[in-house]
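Raw run_3.cif, mmCIF, C-alpha atoms:
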data_query
loop_
_atom_site.group_PDB
_atom_site.id
_atom_site.type_symbol
_atom_site.label_atom_id
_atom_site.label_comp_id
_atom_site.auth_asym_id
_atom_site.auth_seq_id
_atom_site.Cartn_x
_atom_site.Cartn_y
_atom_site.Cartn_z
ATOM 1 C CA MET D 1 0.000 0.000 0.000
ATOM 2 C CA SER D 2 1.427 3.382 -0.970
ATOM 3 C CA GLY D 3 0.575 6.862 0.215
ATOM 4 C CA HIS D 4 0.186 9.947 -1.970
ATOM 5 C CA ASP D 5 3.958 10.499 -1.948
ATOM 6 C CA GLY D 6 4.717 6.910 -3.028
ATOM 7 C CA ARG D 7 6.098 5.795 0.364
ATOM 8 C CA SER D 8 4.842 2.675 2.097
ATOM 9 C CA GLN D 9 1.980 3.178 4.530
ATOM 10 C CA ARG D 10 2.505 -0.092 6.430
ATOM 11 C CA THR D 11 1.582 -0.046 10.053
ATOM 12 C CA ARG D 12 4.358 -1.150 12.361
ATOM 13 C CA ILE D 13 3.266 -3.591 15.019
ATOM 14 C CA ALA D 14 4.770 -2.884 18.392
ATOM 15 C CA ARG D 15 6.272 -6.002 19.916
ATOM 16 C CA THR D 16 6.407 -6.487 23.651
ATOM 17 C CA ASP D 17 8.398 -8.574 26.081
ATOM 18 C CA LEU D 18 6.646 -11.030 28.349
ATOM 19 C CA ASP D 19 6.270 -9.680 31.873
ATOM 20 C CA ILE D 20 6.737 -12.914 33.794
ATOM 21 C CA ARG D 21 5.749 -11.516 37.210
ATOM 22 C CA ALA D 22 2.543 -9.904 35.949
ATOM 23 C CA SER D 23 1.618 -12.940 33.864
ATOM 24 C CA TRP D 24 2.238 -15.317 36.797
ATOM 25 C CA ARG D 25 0.018 -13.187 39.038
ATOM 26 C CA ASN D 26 -2.640 -12.893 36.332
ATOM 27 C CA PHE D 27 -3.184 -16.662 36.329
ATOM 28 C CA ALA D 28 -5.834 -16.754 39.059
ATOM 29 C CA ALA D 29 -5.346 -20.347 40.186
ATOM 30 C CA ALA D 30 -4.602 -20.904 43.857
ATOM 31 C CA GLU D 31 -0.972 -21.683 44.563
ATOM 32 C CA GLN D 32 -0.231 -25.276 45.527
ATOM 33 C CA GLU D 33 1.349 -25.445 48.953
ATOM 34 C CA GLY D 34 3.853 -28.210 49.489
ATOM 35 C CA GLU D 35 4.363 -31.202 47.270
ATOM 36 C CA HIS D 36 1.703 -32.578 44.947
ATOM 37 C CA ASP D 37 0.744 -36.254 45.058
ATOM 38 C CA ASP D 38 1.015 -37.212 41.398
ATOM 39 C CA HIS D 39 4.585 -37.739 40.165
ATOM 40 C CA ALA D 40 3.673 -39.751 37.072
ATOM 41 C CA PRO D 41 5.504 -38.663 33.901
ATOM 42 C CA THR D 42 2.212 -38.229 32.049
ATOM 43 C CA PHE D 43 -0.524 -35.775 32.903
ATOM 44 C CA ARG D 44 -3.684 -34.565 31.191
ATOM 45 C CA ALA D 45 -5.079 -31.052 31.038
ATOM 46 C CA ARG D 46 -7.911 -29.474 29.096
ATOM 47 C CA LEU D 47 -8.563 -26.028 27.739
ATOM 48 C CA VAL D 48 -12.274 -25.317 27.772
ATOM 49 C CA VAL D 49 -13.776 -22.625 25.544
ATOM 50 C CA ALA D 50 -17.016 -21.197 26.886
ATOM 51 C CA GLY D 51 -19.484 -18.898 25.194
ATOM 52 C CA GLY D 52 -21.203 -21.180 22.725
ATOM 53 C CA GLU D 53 -24.180 -23.484 23.083
ATOM 54 C CA ARG D 54 -21.870 -25.996 24.701
ATOM 55 C CA PRO D 55 -18.236 -25.710 25.767
ATOM 56 C CA GLU D 56 -15.516 -26.867 23.386
ATOM 57 C CA VAL D 57 -12.739 -28.938 24.942
ATOM 58 C CA PHE D 58 -9.132 -29.220 23.774
ATOM 59 C CA GLU D 59 -7.157 -32.030 25.396
ATOM 60 C CA GLY D 60 -3.459 -32.054 26.154
ATOM 61 C CA GLU D 61 -1.156 -34.702 27.550
ATOM 62 C CA THR D 62 2.357 -34.512 28.985
ATOM 63 C CA GLY D 63 4.917 -37.075 28.010
ATOM 64 C CA LYS D 64 6.016 -38.960 24.939
ATOM 65 C CA GLY D 65 7.775 -35.893 23.536
ATOM 66 C CA LYS D 66 4.587 -33.795 23.565
ATOM 67 C CA GLY D 67 5.593 -31.134 26.108
ATOM 68 C CA HIS D 68 3.412 -30.108 29.018
ATOM 69 C CA ALA D 69 -0.285 -30.954 28.836
ATOM 70 C CA GLU D 70 -1.452 -27.340 29.032
ATOM 71 C CA MET D 71 0.752 -26.380 26.076
ATOM 72 C CA THR D 72 -0.333 -29.332 23.928
ATOM 73 C CA ALA D 73 -3.950 -28.342 24.619
ATOM 74 C CA LEU D 74 -3.063 -24.771 23.606
ATOM 75 C CA ASP D 75 -1.526 -26.064 20.384
ATOM 76 C CA ALA D 76 -4.720 -28.036 19.664
ATOM 77 C CA LEU D 77 -6.922 -24.980 20.290
ATOM 78 C CA ILE D 78 -4.842 -22.782 17.966
ATOM 79 C CA GLY D 79 -4.801 -25.547 15.354
ATOM 80 C CA SER D 80 -8.577 -25.780 15.448
ATOM 81 C CA LYS D 81 -9.463 -22.079 15.634
ATOM 82 C CA GLY D 82 -6.571 -20.512 13.751
ATOM 83 C CA ALA D 83 -4.371 -17.801 15.236
ATOM 84 C CA GLU D 84 -6.841 -14.923 14.891
ATOM 85 C CA GLY D 85 -9.791 -17.015 16.070
ATOM 86 C CA ALA D 86 -7.856 -18.227 19.117
ATOM 87 C CA ALA D 87 -6.683 -14.683 19.891
ATOM 88 C CA ALA D 88 -10.295 -13.475 19.875
ATOM 89 C CA LEU D 89 -11.247 -16.210 22.356
ATOM 90 C CA PHE D 90 -8.422 -15.213 24.703
ATOM 91 C CA ARG D 91 -9.237 -11.503 24.389
ATOM 92 C CA GLY D 92 -12.861 -12.329 25.178
ATOM 93 C CA GLY D 93 -11.921 -14.183 28.370
ATOM 94 C CA LEU D 94 -13.579 -17.346 27.079
ATOM 95 C CA VAL D 95 -10.783 -19.851 27.751
ATOM 96 C CA TYR D 96 -10.437 -21.861 30.957
ATOM 97 C CA VAL D 97 -8.005 -24.566 32.015
ATOM 98 C CA GLU D 98 -8.776 -27.753 33.879
ATOM 99 C CA ALA D 99 -5.724 -29.469 35.337
ATOM 100 C CA ALA D 100 -6.663 -31.506 38.396
ATOM 101 C CA GLY D 101 -4.303 -33.697 40.386
ATOM 102 C CA LYS D 102 -1.108 -31.811 39.613
ATOM 103 C CA PRO D 103 -0.509 -28.056 39.648
ATOM 104 C CA CYS D 104 0.331 -26.118 36.502
ATOM 105 C CA CYS D 105 4.079 -25.477 36.512
ATOM 106 C CA VAL D 106 5.495 -21.953 36.652
ATOM 107 C CA HIS D 107 6.172 -21.960 32.884
ATOM 108 C CA CYS D 108 2.613 -22.989 31.966
ATOM 109 C CA SER D 109 1.068 -20.750 34.643
ATOM 110 C CA THR D 110 2.987 -17.748 33.325
ATOM 111 C CA LEU D 111 1.878 -18.303 29.749
ATOM 112 C CA LEU D 112 -1.720 -19.072 30.749
ATOM 113 C CA GLY D 113 -1.753 -15.857 32.797
ATOM 114 C CA PHE D 114 -0.402 -13.867 29.860
ATOM 115 C CA LEU D 115 -3.221 -15.212 27.690
ATOM 116 C CA GLY D 116 -5.877 -14.452 30.325
ATOM 117 C CA VAL D 117 -6.810 -18.106 30.841
ATOM 118 C CA ARG D 118 -8.669 -18.760 34.081
ATOM 119 C CA PRO D 119 -8.937 -21.967 36.093
ATOM 120 C CA LEU D 120 -12.170 -23.845 35.448
ATOM 121 C CA SER D 121 -12.465 -24.750 39.135
ATOM 122 C CA GLY D 122 -10.551 -24.687 42.400
ATOM 123 C CA ALA D 123 -9.123 -28.099 41.527
ATOM 124 C CA THR D 124 -6.735 -26.360 39.105
ATOM 125 C CA THR D 125 -3.757 -24.940 40.984
ATOM 126 C CA LYS D 126 -0.355 -23.504 40.120
ATOM 127 C CA THR D 127 3.159 -23.920 41.480
ATOM 128 C CA ARG D 128 6.321 -21.838 41.399
ATOM 129 C CA ASN D 129 8.200 -25.006 40.448
ATOM 130 C CA THR D 130 9.304 -25.798 36.901
ATOM 131 C CA MET D 131 8.535 -29.548 36.983
ATOM 132 C CA LEU D 132 11.175 -30.161 34.354
ATOM 133 C CA ALA D 133 12.239 -33.542 35.778
ATOM 134 C CA GLY D 134 15.453 -33.394 33.805
ATOM 135 C CA GLY D 135 13.749 -32.365 30.567
ATOM 136 C CA ALA D 136 13.029 -29.070 28.883
ATOM 137 C CA TRP D 137 9.818 -27.096 28.724
ATOM 138 C CA GLY D 138 8.937 -25.873 25.275
ATOM 139 C CA LEU D 139 6.374 -24.665 22.815
ATOM 140 C CA SER D 140 5.378 -25.950 19.414
ATOM 141 C CA ALA D 141 6.167 -23.889 16.337
ATOM 142 C CA ARG D 142 2.435 -23.125 16.000
ATOM 143 C CA VAL D 143 2.234 -21.726 19.547
ATOM 144 C CA LYS D 144 5.371 -19.625 18.999
ATOM 145 C CA GLU D 145 3.929 -18.204 15.767
ATOM 146 C CA PHE D 146 0.702 -17.411 17.617
ATOM 147 C CA LEU D 147 2.548 -15.629 20.426
ATOM 148 C CA CYS D 148 4.619 -13.599 17.941
ATOM 149 C CA GLY D 149 1.642 -12.965 15.645
ATOM 150 C CA PRO D 150 -1.629 -11.851 17.218
ATOM 151 C CA CYS D 151 -0.140 -11.695 20.750
ATOM 152 C CA HIS D 152 2.743 -9.431 19.622
ATOM 153 C CA LEU D 153 5.410 -10.971 21.877
ATOM 154 C CA THR D 154 9.036 -10.781 20.893
ATOM 155 C CA MET D 155 10.691 -14.057 19.961
ATOM 156 C CA GLU D 156 13.431 -13.184 22.434
ATOM 157 C CA SER D 157 10.973 -13.209 25.340
ATOM 158 C CA ILE D 158 9.428 -16.491 24.167
ATOM 159 C CA ASN D 159 12.860 -18.081 23.879
ATOM 160 C CA GLY D 160 13.763 -16.641 27.276
ATOM 161 C CA LEU D 161 10.714 -18.255 28.888
ATOM 162 C CA GLU D 162 11.569 -21.578 27.257
ATOM 163 C CA ALA D 163 15.145 -21.403 28.542
ATOM 164 C CA SER D 164 14.178 -20.388 32.090
ATOM 165 C CA LEU D 165 15.278 -22.709 34.852
ATOM 166 C CA GLN D 166 14.058 -22.898 38.440
ATOM 167 C CA ARG D 167 16.782 -20.514 39.609
ATOM 168 C CA ASP D 168 15.609 -17.901 37.074
ATOM 169 C CA PHE D 169 12.080 -17.944 38.484
ATOM 170 C CA ASP D 170 13.405 -17.963 42.060
ATOM 171 C CA ARG D 171 15.354 -14.762 41.309
ATOM 172 C CA LEU D 172 12.118 -13.055 40.266
ATOM 173 C CA HIS D 173 10.549 -13.667 43.699
ATOM 174 C CA LEU D 174 7.168 -14.501 42.206
#
Let me see the structure of the file written as C-alpha cells.
Amino acid sequence: MSGHDGRSQRTRIARTDLDIRASWRNFAAAEQEGEHDDHAPTFRARLVVAGGERPEVFEGETGKGKGHAEMTALDALIGSKGAEGAAALFRGGLVYVEAAGKPCCVHCSTLLGFLGVRPLSGATTKTRNTMLAGGAWGLSARVKEFLCGPCHLTMESINGLEASLQRDFDRLHL
C-alpha cells in the first residue's frame, strides 16, 4: 500500500516482552502449597472454551515428547481455531483450564496468565516449580507463531521463557 507520496503506509506492530511476574500473578489459580501427590511422567489437562451453546474442549497430555499438557492443549486450540480465532477467544476471556491432580508449573502458569486463561475450578492450581524432571519445557512452532503474531510478543521473550530454569524464576521472587 502506498501513500500519496509513493512511500509505504505499512503499520508497524509494536512487539512487547513477556512480563513474567505480571503474567504469573494474572493466572488466578490458587498456589499449591507443598508437594503434589502425582509424580507420574504423564498428565492430562484441558482447555475449555465457553461462550457457545456448549463448551468446546481441547485435550493435552504430557509425556512422549509432547511437552506439558497445558501447552499441547493450547496447540490443539490454535490448530482448530486458527491464530486470529484463538486470539479473539483469549481476548474475550472465554478460555479456561482444567488441570486436576497436579498443579500447573510456573512456565505454563505464566503463559496461561499472559493469555488471560482462568482456572475452570478450584481443583486447578499452580506452582512456582518448573517440573522439568530433567527435561526441557517448550512450545510448538504453531504456539510460537501465535505468540509472535496476534499476541505481539518478541521471539526473544518467548525463547527466554523456554530457557528459564528454576533458579531464574526464584530470582524473580514470584
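The coordinates place CA of Pro103 (chain D) at 11.1 Å from CA of Arg44 (chain D).
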Evaluate the PyMOL selection byres ((chain D and resi 59) around 7) and report residues as number ranges by chain = D: 45-47, 57-58, 60-61, 73
Of D:Cys148, D:Asp168, D:Asp17, D:Ala30, the one nearest to Ser121 (chain D) when counting all atoms listed in the file is D:Ala30
Across D:Trp137, D:Ser109, D:Ser157, D:Arg142, the smallest distance to Trp24 (chain D), with only C-alpha atoms counted, is shown by D:Ser109
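Taking all atoms listed in the file into account, Gly51 (chain D) lies nearest to D:Tyr96 out of the set D:Gln32, D:Gly67, D:Lys81, D:Tyr96.
The interatomic distance for the pair CA of Ala76 (chain D) and CA of Gly149 (chain D) works out to 16.8 Å.
Around Gly160 (chain D), within 12 Å and counting all atoms listed in the file, the residues found are Asp17, Leu18, Asp19, Ile20, His107, Trp137, Gly138, Leu139, Leu153, Thr154, Met155, Glu156, Ser164, Leu165, Asp168 and Phe169 of chain D, once anything fewer than 4 positions away on its own chain is removed.
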Dump C-alpha atoms for the selected residues as an mmCIF file, in the coordinates of the input?
data_model
loop_
_atom_site.group_PDB
_atom_site.id
_atom_site.type_symbol
_atom_site.label_atom_id
_atom_site.label_comp_id
_atom_site.auth_asym_id
_atom_site.auth_seq_id
_atom_site.Cartn_x
_atom_site.Cartn_y
_atom_site.Cartn_z
ATOM 1 C CA ASP D 17 8.398 -8.574 26.081
ATOM 2 C CA LEU D 18 6.646 -11.030 28.349
ATOM 3 C CA ASP D 19 6.270 -9.680 31.873
ATOM 4 C CA ILE D 20 6.737 -12.914 33.794
ATOM 5 C CA HIS D 107 6.172 -21.960 32.884
ATOM 6 C CA TRP D 137 9.818 -27.096 28.724
ATOM 7 C CA GLY D 138 8.937 -25.873 25.275
ATOM 8 C CA LEU D 139 6.374 -24.665 22.815
ATOM 9 C CA LEU D 153 5.410 -10.971 21.877
ATOM 10 C CA THR D 154 9.036 -10.781 20.893
ATOM 11 C CA MET D 155 10.691 -14.057 19.961
ATOM 12 C CA GLU D 156 13.431 -13.184 22.434
ATOM 13 C CA SER D 164 14.178 -20.388 32.090
ATOM 14 C CA LEU D 165 15.278 -22.709 34.852
ATOM 15 C CA ASP D 168 15.609 -17.901 37.074
ATOM 16 C CA PHE D 169 12.080 -17.944 38.484
#
Draw an axis-aligned box over all listed atoms of region 143-160 of chain D, pad each side with 4 Å, and write its centre and edge lengths in Å, one decimal, as lines of an AutoDock Vina configuration file.
center_x = 6.1
center_y = -15.6
center_z = 21.5
size_x = 23.4
size_y = 20.3
size_z = 19.6
Name every residue that the PyMOL selection byres ((chain D and resi 28) around 9) selects in this structure, writing the answer as a PyMOL selection string with chains first and numbers rising.
-> chain D and resi 24-27+29-31+113+117-119+125-126
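Proximity to Val95 (chain D) at 10 Å, evaluated using all atoms listed in the file and with sequence-adjacent residues fewer than 4 positions away removed, yields Leu47, Val48, Val49, Ala50, Gly51, Pro55, Glu56, Val57, Leu77, Ala86, Leu89, Phe90, Arg91, Leu112, Leu115, Gly116, Val117, Arg118, Pro119 and Leu120 of chain D.
Taking CA of Lys102 (chain D) as the reference point, CA of Gly52 (chain D) is found at 28.3 Å.
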Result set, the PyMOL selection byres ((chain D and resi 132) around 12) on current file, as a ChimeraX atom specification | /D:39,41,62-63,67-68,104-108,128-131,133-138,162-166
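Between Thr127 (chain D) and the candidates D:Leu174, D:Ala14, D:Ala69, D:Val143, the tightest atom-to-atom separation, counting all atoms listed in the file, involves D:Leu174.
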Distance criterion (all atoms listed in the file): nearest to Arg171 (chain D) out of D:His152, D:Arg15, D:Arg21, D:Lys144 = D:Arg21
Between D:Gly85, D:Leu74, D:Gly101, D:Leu94, single out the one closest to Gly122 (chain D), counting all atoms listed in the file.
-> D:Gly101
Just so I have it separately, write region 66-94 of chain D from the block I sent, keeping N, CA, C and O atoms, as an mmCIF file, in the first residue's frame.
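Saved file result.cif follows:
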data_model
loop_
_atom_site.group_PDB
_atom_site.id
_atom_site.type_symbol
_atom_site.label_atom_id
_atom_site.label_comp_id
_atom_site.auth_asym_id
_atom_site.auth_seq_id
_atom_site.Cartn_x
_atom_site.Cartn_y
_atom_site.Cartn_z
ATOM 1 N N LYS D 66 5.648 -34.748 23.899
ATOM 2 C CA LYS D 66 4.587 -33.795 23.565
ATOM 3 C C LYS D 66 4.713 -32.456 24.297
ATOM 4 O O LYS D 66 4.004 -31.528 23.974
ATOM 5 N N GLY D 67 5.550 -32.348 25.313
ATOM 6 C CA GLY D 67 5.593 -31.134 26.108
ATOM 7 C C GLY D 67 4.580 -31.215 27.236
ATOM 8 O O GLY D 67 4.014 -32.264 27.497
ATOM 9 N N HIS D 68 4.360 -30.122 27.909
ATOM 10 C CA HIS D 68 3.412 -30.108 29.018
ATOM 11 C C HIS D 68 1.979 -30.123 28.498
ATOM 12 O O HIS D 68 1.676 -29.569 27.437
ATOM 13 N N ALA D 69 1.103 -30.743 29.252
ATOM 14 C CA ALA D 69 -0.285 -30.954 28.836
ATOM 15 C C ALA D 69 -0.997 -29.647 28.488
ATOM 16 O O ALA D 69 -1.729 -29.575 27.496
ATOM 17 N N GLU D 70 -0.784 -28.620 29.287
ATOM 18 C CA GLU D 70 -1.452 -27.340 29.032
ATOM 19 C C GLU D 70 -1.038 -26.757 27.688
ATOM 20 O O GLU D 70 -1.854 -26.178 26.972
ATOM 21 N N MET D 71 0.241 -26.937 27.330
ATOM 22 C CA MET D 71 0.752 -26.380 26.076
ATOM 23 C C MET D 71 0.328 -27.216 24.874
ATOM 24 O O MET D 71 0.118 -26.680 23.786
ATOM 25 N N THR D 72 0.165 -28.526 25.044
ATOM 26 C CA THR D 72 -0.333 -29.332 23.928
ATOM 27 C C THR D 72 -1.818 -29.048 23.701
ATOM 28 O O THR D 72 -2.282 -29.062 22.557
ATOM 29 N N ALA D 73 -2.550 -28.748 24.775
ATOM 30 C CA ALA D 73 -3.950 -28.342 24.619
ATOM 31 C C ALA D 73 -4.028 -26.984 23.925
ATOM 32 O O ALA D 73 -4.894 -26.761 23.062
ATOM 33 N N LEU D 74 -3.109 -26.081 24.260
ATOM 34 C CA LEU D 74 -3.063 -24.771 23.606
ATOM 35 C C LEU D 74 -2.775 -24.930 22.119
ATOM 36 O O LEU D 74 -3.413 -24.294 21.280
ATOM 37 N N ASP D 75 -1.840 -25.802 21.784
ATOM 38 C CA ASP D 75 -1.526 -26.064 20.384
ATOM 39 C C ASP D 75 -2.767 -26.594 19.647
ATOM 40 O O ASP D 75 -3.057 -26.165 18.521
ATOM 41 N N ALA D 76 -3.508 -27.483 20.281
ATOM 42 C CA ALA D 76 -4.720 -28.036 19.664
ATOM 43 C C ALA D 76 -5.773 -26.956 19.450
ATOM 44 O O ALA D 76 -6.421 -26.901 18.402
ATOM 45 N N LEU D 77 -5.939 -26.064 20.417
ATOM 46 C CA LEU D 77 -6.922 -24.980 20.290
ATOM 47 C C LEU D 77 -6.553 -24.069 19.120
ATOM 48 O O LEU D 77 -7.396 -23.740 18.284
ATOM 49 N N ILE D 78 -5.286 -23.663 19.057
ATOM 50 C CA ILE D 78 -4.842 -22.782 17.966
ATOM 51 C C ILE D 78 -4.981 -23.490 16.621
ATOM 52 O O ILE D 78 -5.410 -22.883 15.635
ATOM 53 N N GLY D 79 -4.661 -24.778 16.590
ATOM 54 C CA GLY D 79 -4.801 -25.547 15.354
ATOM 55 C C GLY D 79 -6.237 -25.613 14.877
ATOM 56 O O GLY D 79 -6.516 -25.567 13.680
ATOM 57 N N SER D 80 -7.161 -25.695 15.794
ATOM 58 C CA SER D 80 -8.577 -25.780 15.448
ATOM 59 C C SER D 80 -9.179 -24.430 15.062
ATOM 60 O O SER D 80 -9.951 -24.335 14.117
ATOM 61 N N LYS D 81 -8.834 -23.399 15.810
ATOM 62 C CA LYS D 81 -9.463 -22.079 15.634
ATOM 63 C C LYS D 81 -8.687 -21.129 14.746
ATOM 64 O O LYS D 81 -9.211 -20.100 14.335
ATOM 65 N N GLY D 82 -7.421 -21.449 14.474
ATOM 66 C CA GLY D 82 -6.571 -20.512 13.751
ATOM 67 C C GLY D 82 -6.076 -19.441 14.713
ATOM 68 O O GLY D 82 -6.644 -19.232 15.778
ATOM 69 N N ALA D 83 -4.999 -18.777 14.346
ATOM 70 C CA ALA D 83 -4.371 -17.801 15.236
ATOM 71 C C ALA D 83 -5.309 -16.651 15.602
ATOM 72 O O ALA D 83 -5.452 -16.302 16.771
ATOM 73 N N GLU D 84 -5.958 -16.064 14.606
ATOM 74 C CA GLU D 84 -6.841 -14.923 14.891
ATOM 75 C C GLU D 84 -8.080 -15.352 15.676
ATOM 76 O O GLU D 84 -8.531 -14.648 16.573
ATOM 77 N N GLY D 85 -8.629 -16.511 15.341
ATOM 78 C CA GLY D 85 -9.791 -17.015 16.070
ATOM 79 C C GLY D 85 -9.456 -17.316 17.524
ATOM 80 O O GLY D 85 -10.221 -16.980 18.436
ATOM 81 N N ALA D 86 -8.292 -17.938 17.748
ATOM 82 C CA ALA D 86 -7.856 -18.227 19.117
ATOM 83 C C ALA D 86 -7.604 -16.928 19.876
ATOM 84 O O ALA D 86 -8.012 -16.784 21.037
ATOM 85 N N ALA D 87 -6.959 -15.961 19.233
ATOM 86 C CA ALA D 87 -6.683 -14.683 19.891
ATOM 87 C C ALA D 87 -7.973 -14.007 20.332
ATOM 88 O O ALA D 87 -8.052 -13.440 21.431
ATOM 89 N N ALA D 88 -9.008 -14.075 19.510
ATOM 90 C CA ALA D 88 -10.295 -13.475 19.875
ATOM 91 C C ALA D 88 -10.890 -14.163 21.098
ATOM 92 O O ALA D 88 -11.472 -13.501 21.978
ATOM 93 N N LEU D 89 -10.744 -15.480 21.187
ATOM 94 C CA LEU D 89 -11.247 -16.210 22.356
ATOM 95 C C LEU D 89 -10.508 -15.786 23.617
ATOM 96 O O LEU D 89 -11.130 -15.579 24.672
ATOM 97 N N PHE D 90 -9.193 -15.641 23.534
ATOM 98 C CA PHE D 90 -8.422 -15.213 24.703
ATOM 99 C C PHE D 90 -8.766 -13.779 25.086
ATOM 100 O O PHE D 90 -8.972 -13.479 26.260
ATOM 101 N N ARG D 91 -8.864 -12.896 24.099
ATOM 102 C CA ARG D 91 -9.237 -11.503 24.389
ATOM 103 C C ARG D 91 -10.610 -11.426 25.034
ATOM 104 O O ARG D 91 -10.856 -10.562 25.877
ATOM 105 N N GLY D 92 -11.509 -12.314 24.626
ATOM 106 C CA GLY D 92 -12.861 -12.329 25.178
ATOM 107 C C GLY D 92 -12.980 -12.995 26.537
ATOM 108 O O GLY D 92 -14.063 -13.025 27.127
ATOM 109 N N GLY D 93 -11.883 -13.528 27.059
ATOM 110 C CA GLY D 93 -11.921 -14.183 28.370
ATOM 111 C C GLY D 93 -12.734 -15.465 28.367
ATOM 112 O O GLY D 93 -13.338 -15.823 29.370
ATOM 113 N N LEU D 94 -12.733 -16.167 27.238
ATOM 114 C CA LEU D 94 -13.579 -17.346 27.079
ATOM 115 C C LEU D 94 -12.853 -18.671 27.283
ATOM 116 O O LEU D 94 -13.454 -19.725 27.108
#
